[in-house]
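Student: Below is the file input-v7.cif, with mmCIF, C-alpha atoms.
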```
data_upload
loop_
_atom_site.group_PDB
_atom_site.id
_atom_site.type_symbol
_atom_site.label_atom_id
_atom_site.label_comp_id
_atom_site.auth_asym_id
_atom_site.auth_seq_id
_atom_site.Cartn_x
_atom_site.Cartn_y
_atom_site.Cartn_z
ATOM 1 C CA ILE A 387 176.820 129.569 57.070
ATOM 2 C CA GLU A 388 178.461 127.543 59.807
ATOM 3 C CA SER A 389 178.248 128.469 63.449
ATOM 4 C CA GLY A 390 181.504 130.077 64.631
ATOM 5 C CA ALA A 391 182.865 130.593 61.127
ATOM 6 C CA PHE A 392 184.163 133.982 59.987
ATOM 7 C CA TYR A 393 183.114 135.377 56.621
ATOM 8 C CA LEU A 394 184.786 138.465 55.171
ATOM 9 C CA ASP A 395 181.815 139.280 53.008
ATOM 10 C CA ARG A 396 179.387 139.412 55.913
ATOM 11 C CA LYS A 397 178.216 142.846 57.003
ATOM 12 C CA PRO A 398 176.738 143.880 60.359
ATOM 13 C CA GLN A 399 173.005 144.042 60.253
ATOM 14 C CA VAL A 400 170.584 145.959 62.467
ATOM 15 C CA LYS A 401 168.899 143.270 64.554
ATOM 16 C CA HIS A 402 166.452 145.527 66.400
ATOM 17 C CA LEU A 403 165.055 148.889 65.446
ATOM 18 C CA ALA A 404 164.831 151.886 67.724
ATOM 19 C CA GLY A 405 165.105 155.654 67.715
ATOM 20 C CA PRO A 406 163.057 158.244 65.809
ATOM 21 C CA PHE A 407 161.223 156.585 62.927
ATOM 22 C CA PHE A 408 163.112 153.348 63.707
ATOM 23 C CA THR A 409 166.354 154.710 62.279
ATOM 24 C CA GLU A 410 168.689 153.238 64.895
ATOM 25 C CA GLY A 411 169.595 149.810 66.123
ATOM 26 C CA THR A 412 169.130 148.964 69.795
ATOM 27 C CA TYR A 413 172.046 150.066 71.954
ATOM 28 C CA THR A 414 172.875 151.370 75.392
ATOM 29 C CA LYS A 415 173.899 154.994 75.681
ATOM 30 C CA ASN A 416 176.751 155.127 78.195
ATOM 31 C CA SER A 417 178.300 158.235 79.659
ATOM 32 C CA PRO A 418 181.868 159.114 78.606
ATOM 33 C CA ALA A 419 183.100 158.156 82.089
ATOM 34 C CA GLU A 420 181.428 154.749 81.832
ATOM 35 C CA VAL A 421 182.948 154.195 78.400
ATOM 36 C CA ASP A 422 186.408 155.132 79.733
ATOM 37 C CA GLU A 423 186.008 152.713 82.626
ATOM 38 C CA LEU A 424 184.903 149.936 80.282
ATOM 39 C CA MET A 425 187.837 150.527 77.928
ATOM 40 C CA GLN A 426 190.277 150.533 80.853
ATOM 41 C CA LYS A 427 188.931 147.206 82.055
ATOM 42 C CA LEU A 428 189.172 145.748 78.545
ATOM 43 C CA ASP A 429 192.756 146.968 78.295
ATOM 44 C CA ASP A 430 193.573 145.413 81.681
ATOM 45 C CA TRP A 431 192.184 142.072 80.605
ATOM 46 C CA ALA A 432 193.926 142.209 77.207
ATOM 47 C CA SER A 433 197.242 143.029 78.899
ATOM 48 C CA GLY A 434 196.953 140.233 81.438
ATOM 49 C CA ARG A 435 196.202 142.559 84.341
ATOM 50 C CA ARG A 436 193.121 140.620 85.330
ATOM 51 C CA PRO A 437 191.593 141.471 88.706
ATOM 52 C CA GLN A 438 192.044 138.811 91.346
ATOM 53 C CA ASP A 439 189.101 139.944 93.447
ATOM 54 C CA LEU A 440 186.226 139.423 91.006
ATOM 55 C CA ALA A 441 184.459 137.103 93.454
ATOM 56 C CA GLU A 442 184.822 139.651 96.256
ATOM 57 C CA GLN A 443 183.520 142.433 94.005
ATOM 58 C CA ALA A 444 180.501 140.328 93.080
ATOM 59 C CA THR A 445 179.840 139.563 96.753
ATOM 60 C CA LEU A 446 180.062 143.252 97.667
ATOM 61 C CA GLN A 447 177.708 144.223 94.857
ATOM 62 C CA ASP A 448 175.183 141.608 95.972
ATOM 63 C CA ALA A 449 175.444 142.755 99.597
ATOM 64 C CA SER A 450 175.039 146.381 98.562
ATOM 65 C CA SER A 451 171.939 145.619 96.484
ATOM 66 C CA ALA A 452 170.383 143.667 99.339
ATOM 67 C CA ALA A 453 171.182 146.415 101.873
ATOM 68 C CA ARG A 454 169.519 149.072 99.726
ATOM 69 C CA GLN A 455 166.183 147.314 100.119
ATOM 70 C CA SER A 456 165.827 148.936 103.552
ATOM 71 C CA PRO A 457 167.056 152.095 105.320
ATOM 72 C CA LEU A 458 170.631 152.189 106.585
ATOM 73 C CA LYS A 459 171.106 150.078 109.705
ATOM 74 C CA ALA A 460 173.263 150.906 112.716
ATOM 75 C CA MET A 461 175.977 148.508 113.800
ATOM 76 C CA GLU A 462 174.787 145.800 116.171
ATOM 77 C CA THR A 463 177.778 145.992 118.515
ATOM 78 C CA ALA A 464 177.609 148.460 121.377
ATOM 79 C CA ILE A 465 180.161 151.244 121.604
ATOM 80 C CA ASP A 466 181.600 152.918 124.679
ATOM 81 C CA LEU A 467 180.437 156.491 124.339
ATOM 82 C CA GLN A 468 183.390 158.060 126.146
ATOM 83 C CA SER A 469 185.849 156.130 123.973
ATOM 84 C CA PHE A 470 184.088 157.420 120.873
ATOM 85 C CA MET A 471 184.388 161.055 121.930
ATOM 86 C CA GLY A 472 187.180 163.281 120.702
ATOM 87 C CA LYS A 473 188.554 164.291 117.313
ATOM 88 C CA TRP A 474 187.819 162.471 114.055
ATOM 89 C CA TYR A 475 189.329 163.338 110.671
ATOM 90 C CA VAL A 476 186.958 162.912 107.712
ATOM 91 C CA ILE A 477 188.779 160.840 105.092
ATOM 92 C CA LYS A 478 185.937 160.294 102.620
ATOM 93 C CA ASN A 479 182.386 161.545 102.414
ATOM 94 C CA ILE A 480 179.397 162.263 100.266
ATOM 95 C CA PRO A 481 179.602 166.016 100.765
ATOM 96 C CA THR A 482 176.814 168.274 101.912
ATOM 97 C CA VAL A 483 176.245 171.753 100.496
ATOM 98 C CA PHE A 484 178.431 173.110 103.299
ATOM 99 C CA ASP A 485 181.516 170.912 103.040
ATOM 100 C CA LYS A 486 181.622 170.421 99.282
ATOM 101 C CA ASP A 487 185.062 171.330 97.867
ATOM 102 C CA THR A 488 186.587 171.813 101.321
ATOM 103 C CA ALA A 489 189.586 170.390 103.175
ATOM 104 C CA ASN A 490 190.714 169.453 106.679
ATOM 105 C CA ASN A 491 187.248 168.274 107.710
ATOM 106 C CA ILE A 492 187.094 167.387 111.416
ATOM 107 C CA GLU A 493 184.258 166.112 113.592
ATOM 108 C CA GLU A 494 184.840 166.664 117.300
ATOM 109 C CA TYR A 495 182.576 165.178 119.961
ATOM 110 C CA SER A 496 182.339 165.891 123.681
ATOM 111 C CA TYR A 497 179.906 164.344 126.145
ATOM 112 C CA ASP A 498 178.063 166.234 128.856
ATOM 113 C CA GLU A 499 177.215 163.623 131.456
ATOM 114 C CA SER A 500 174.881 165.936 133.379
ATOM 115 C CA THR A 501 172.554 166.478 130.418
ATOM 116 C CA LYS A 502 173.331 163.245 128.505
ATOM 117 C CA THR A 503 174.154 165.414 125.506
ATOM 118 C CA ILE A 504 176.856 165.035 122.866
ATOM 119 C CA HIS A 505 178.187 168.348 121.617
ATOM 120 C CA VAL A 506 179.347 168.231 117.992
ATOM 121 C CA VAL A 507 181.671 170.725 116.314
ATOM 122 C CA PHE A 508 182.306 170.185 112.611
ATOM 123 C CA SER A 509 185.125 172.320 111.235
ATOM 124 C CA TYR A 510 186.636 172.639 107.776
ATOM 125 C CA THR A 511 188.742 174.951 105.642
ATOM 126 C CA ASP A 512 188.426 176.097 102.076
ATOM 127 C CA LYS A 513 190.842 174.369 99.690
ATOM 128 C CA ALA A 514 193.011 177.494 99.569
ATOM 129 C CA PHE A 515 193.445 177.208 103.358
ATOM 130 C CA THR A 516 192.473 180.839 103.885
ATOM 131 C CA LYS A 517 189.640 180.424 106.391
ATOM 132 C CA THR A 518 188.132 177.933 108.797
ATOM 133 C CA SER A 519 184.388 177.455 109.243
ATOM 134 C CA GLN A 520 182.423 175.631 111.928
ATOM 135 C CA LEU A 521 179.043 173.985 112.262
ATOM 136 C CA ARG A 522 177.700 173.329 115.746
ATOM 137 C CA GLN A 523 175.169 170.665 116.676
ATOM 138 C CA LYS A 524 174.137 168.630 119.680
ATOM 139 C CA ALA A 525 173.100 165.003 119.755
ATOM 140 C CA LYS A 526 171.129 162.587 121.891
ATOM 141 C CA VAL A 527 171.630 158.825 121.940
ATOM 142 C CA VAL A 528 168.396 156.978 121.130
ATOM 143 C CA ASN A 529 169.322 153.303 121.493
ATOM 144 C CA ASP A 530 170.929 151.097 124.104
ATOM 145 C CA LEU A 531 173.976 150.343 121.931
ATOM 146 C CA ASN A 532 174.893 154.048 121.592
ATOM 147 C CA THR A 533 174.927 153.609 117.804
ATOM 148 C CA GLN A 534 171.907 155.735 116.882
ATOM 149 C CA TRP A 535 171.805 159.442 117.603
ATOM 150 C CA THR A 536 169.562 162.340 116.726
ATOM 151 C CA LEU A 537 171.102 165.713 115.892
ATOM 152 C CA SER A 538 169.850 169.222 116.516
ATOM 153 C CA PRO A 539 171.547 171.974 114.489
ATOM 154 C CA LYS A 540 172.330 175.379 115.904
ATOM 155 C CA VAL A 541 170.914 178.353 114.024
ATOM 156 C CA GLY A 542 171.200 181.015 116.658
ATOM 157 C CA LEU A 543 169.503 178.579 119.024
ATOM 158 C CA TYR A 544 169.434 174.793 118.753
ATOM 159 C CA LEU A 545 166.476 173.868 116.587
ATOM 160 C CA PRO A 546 163.999 171.273 117.916
ATOM 161 C CA LEU A 547 164.895 168.816 115.155
ATOM 162 C CA LYS A 548 165.839 165.160 115.418
ATOM 163 C CA ILE A 549 168.047 164.376 112.437
ATOM 164 C CA PRO A 550 169.077 160.688 112.376
ATOM 165 C CA TYR A 551 172.805 159.995 112.753
ATOM 166 C CA ILE A 552 173.756 156.340 112.400
ATOM 167 C CA LEU A 553 177.011 154.660 113.387
ATOM 168 C CA VAL A 554 177.527 151.976 110.762
ATOM 169 C CA ASP A 555 180.958 150.784 111.824
ATOM 170 C CA CYS A 556 183.536 151.440 114.519
ATOM 171 C CA ALA A 557 186.900 149.735 114.943
ATOM 172 C CA GLU A 558 187.442 147.882 118.206
ATOM 173 C CA ASP A 559 190.246 150.280 119.112
ATOM 174 C CA TYR A 560 188.152 153.314 118.104
ATOM 175 C CA SER A 561 190.641 154.218 115.375
ATOM 176 C CA THR A 562 188.109 154.416 112.508
ATOM 177 C CA THR A 563 184.375 154.818 112.102
ATOM 178 C CA ILE A 564 181.663 155.165 109.467
ATOM 179 C CA VAL A 565 178.628 157.378 110.063
ATOM 180 C CA GLY A 566 175.633 157.729 107.754
ATOM 181 C CA VAL A 567 171.993 158.688 107.452
ATOM 182 C CA PRO A 568 168.979 156.413 106.786
ATOM 183 C CA ASP A 569 168.498 157.270 103.095
ATOM 184 C CA ARG A 570 172.269 157.038 102.397
ATOM 185 C CA SER A 571 172.378 160.566 100.998
ATOM 186 C CA TYR A 572 175.431 161.332 103.133
ATOM 187 C CA ILE A 573 178.273 159.410 104.715
ATOM 188 C CA TRP A 574 181.388 160.228 106.708
ATOM 189 C CA ILE A 575 184.303 157.783 106.751
ATOM 190 C CA MET A 576 186.547 158.951 109.568
ATOM 191 C CA SER A 577 189.827 158.141 111.274
ATOM 192 C CA ARG A 578 191.711 159.292 114.344
ATOM 193 C CA SER A 579 194.609 159.957 111.980
ATOM 194 C CA PRO A 580 194.447 162.504 109.135
ATOM 195 C CA CYS A 581 196.324 160.080 106.848
ATOM 196 C CA PRO A 582 195.378 156.459 107.602
ATOM 197 C CA PRO A 583 197.021 153.656 105.562
ATOM 198 C CA ALA A 584 195.572 153.066 102.087
ATOM 199 C CA ASP A 585 194.541 149.493 102.922
ATOM 200 C CA VAL A 586 192.545 150.754 105.912
ATOM 201 C CA VAL A 587 190.709 153.262 103.724
ATOM 202 C CA GLU A 588 190.037 150.550 101.149
ATOM 203 C CA GLU A 589 188.494 148.264 103.776
ATOM 204 C CA LEU A 590 186.305 151.093 105.090
ATOM 205 C CA THR A 591 185.162 151.833 101.542
ATOM 206 C CA LYS A 592 184.195 148.187 101.091
ATOM 207 C CA LYS A 593 182.198 148.322 104.322
ATOM 208 C CA ALA A 594 180.375 151.395 103.050
ATOM 209 C CA GLN A 595 179.557 149.575 99.824
ATOM 210 C CA ALA A 596 178.315 146.513 101.709
ATOM 211 C CA SER A 597 176.051 148.850 103.695
ATOM 212 C CA GLY A 598 174.317 149.895 100.492
ATOM 213 C CA TYR A 599 176.218 153.044 99.558
ATOM 214 C CA ASP A 600 177.042 153.943 95.974
ATOM 215 C CA ILE A 601 180.793 154.314 96.441
ATOM 216 C CA SER A 602 181.156 156.138 93.111
ATOM 217 C CA LYS A 603 179.721 159.151 94.988
ATOM 218 C CA LEU A 604 182.430 159.094 97.643
ATOM 219 C CA VAL A 605 184.848 162.023 97.677
ATOM 220 C CA SER A 606 188.303 161.939 99.263
ATOM 221 C CA VAL A 607 188.725 164.850 101.663
ATOM 222 C CA PRO A 608 192.159 166.560 101.582
ATOM 223 C CA GLN A 609 193.856 166.550 104.978
ATOM 224 C CA SER A 610 196.918 168.788 105.125
ATOM 225 C CA TRP A 611 198.366 169.708 108.512
ATOM 226 C CA ASP A 612 201.899 170.735 107.592
ATOM 227 C CA ARG A 613 200.990 174.368 108.172
ATOM 228 C CA ASP A 614 199.259 176.351 110.872
ATOM 229 C CA PRO A 615 195.474 176.159 110.443
ATOM 230 C CA PRO A 616 193.861 179.357 109.180
ATOM 231 C CA GLN A 617 192.108 181.546 111.716
ATOM 232 C CA LEU A 618 188.477 180.802 112.449
ATOM 233 C CA VAL A 619 186.643 183.584 110.640
ATOM 234 C CA GLU A 620 183.226 182.078 110.044
ATOM 235 C CA HIS A 621 180.618 180.278 112.128
ATOM 236 C CA VAL A 622 178.094 178.518 109.915
ATOM 237 C CA GLU A 623 175.254 177.913 112.308
ATOM 238 C CA GLU A 624 173.277 175.588 110.126
ATOM 239 C CA ASP A 625 173.003 171.846 109.920
ATOM 240 C CA ALA A 626 175.532 169.982 107.785
ATOM 241 C CA SER A 627 173.560 166.797 107.687
#
```
What would the structure in this file look like if it were written as structure tokens?
Tutor:
Amino acid sequence: IESGAFYLDRKPQVKHLAGPFFTEGTYTKNSPAEVDELMQKLDDWASGRRPQDLAEQATLQDASSAARQSPLKAMETAIDLQSFMGKWYVIKNIPTVFDKDTANNIEEYSYDESTKTIHVVFSYTDKAFTKTSQLRQKAKVVNDLNTQWTLSPKVGLYLPLKIPYILVDCAEDYSTTIVGVPDRSYIWIMSRSPCPPADVVEELTKKAQASGYDISKLVSVPQSWDRDPPQLVEHVEEDAS
């Protein structure tokens, strides 16, 4: 048998044994979604639609793996707190139990100079746009760069908790931001506009990946403002983080 030659009479042989009573060959059991993704990539390559950003993808994957070796880090550039205040539309997130399967997610911040407190109102609607709910929290800045906060949720009264809230990225013009938590269980990719350009969202997603997030968990949040918002009928006074 010559190396590289093809023989019609050759049959595949089990090279390694596995499974109950060694009845199976060694193989990797992929999920249906993983198989679909693999087949799509094979089809792209076979059809000449080969990705041009393989090097970038590899770099992002390496950066993400390295970042996951430690808790999420806040951005190292200071932000102007007053410029950061105001309304932010959530474009993508890893949803909490409260905002899962919701739409029109908004984070709104206001700063009380007298108490050095940031008041946070998170509002969202159900996907049928029949009701609006709110979560109220307050935050304190805990570093000199204004990029690390601690949150206290309101459940009747504000609880004496200090939930970490980390600003990972903020555009120089305060048009977009990324906020996360140390263990990367949640993330909020936000914009001043409810419908930012696709390339802007793509770049923010890459930044989230480089910060160690598993971007396969990201969910796009529907933002639809072509109708009057439903009446506020529910206050959810629990923490969304």
Student: Once the PyMOL selection byres ((chain A and resi 595-606) around 10) has been evaluated on this model, what residues remain selected, and can you format them as a VMD selection string?
Tutor: chain A and resid 445 to 460 476 to 481 486 to 487 489 554 to 555 566 569 to 575 589 to 594 607 to 609
Student: As a PDB file with C-alpha atoms, in the coordinates of the input, please: the residues near Cys556 in chain A (cut-off 9 Å, only C-alpha atoms, same-chain neighbours under 6 positions excluded).
Tutor:
```pdb
ATOM      1  CA  MET A 461     175.977 148.508 113.800  1.00  0.00           C
ATOM      2  CA  THR A 463     177.778 145.992 118.515  1.00  0.00           C
ATOM      3  CA  ILE A 465     180.161 151.244 121.604  1.00  0.00           C
ATOM      4  CA  PHE A 470     184.088 157.420 120.873  1.00  0.00           C
ATOM      5  CA  THR A 562     188.109 154.416 112.508  1.00  0.00           C
ATOM      6  CA  THR A 563     184.375 154.818 112.102  1.00  0.00           C
ATOM      7  CA  ILE A 564     181.663 155.165 109.467  1.00  0.00           C
ATOM      8  CA  VAL A 565     178.628 157.378 110.063  1.00  0.00           C
TER       9      VAL A 565
END
```
Student: Using Å and a single decimal, report how far CA of Pro580 in chain A sits from CA of Gln534 in chain A.
Tutor: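 If I compute the distance from CA of Gln534 in chain A to CA of Pro580 in chain A, I get 24.8 Å.
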Student: Please indicate the distance in Å from CA of Met576 in chain A to CA of Met471 in chain A, rounded to one decimal place.
Tutor: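 CA of Met471 in chain A lies at a distance of 12.7 Å from CA of Met576 in chain A.
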Student: What is the distance, in Å and to one decimal place, between CA of Thr511 in chain A and CA of Tyr495 in chain A?
Tutor: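 Distance reported for this atom pair: 18.4 Å.
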Student: Can you list, as a list in words, every protein, DNA or RNA residue that comes within 9 Å of Ser561 in chain A when you count only C-alpha atoms, leaving out same-chain residues fewer than 3 positions away?
Tutor: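 That gives Trp474, Cys556, Ala557, Glu558, Met576, Ser577, Arg578 and Ser579 of chain A.
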Student: Evaluate the PyMOL selection byres ((chain A and resi 496) around 7) and record the selected residues as a ChimeraX atom specification, following the chain and residue labels used in the document.
Tutor: /A:471-472,494-495,497-498,504-506
Student: Find the residues near Pro550 in chain A: any atom within 10 Å, counting only C-alpha atoms, skip ones fewer than 5 places away on the same chain, and give them as a ChimeraX atom specification.
Tutor: /A:525-526,528,534-538,566-569,627
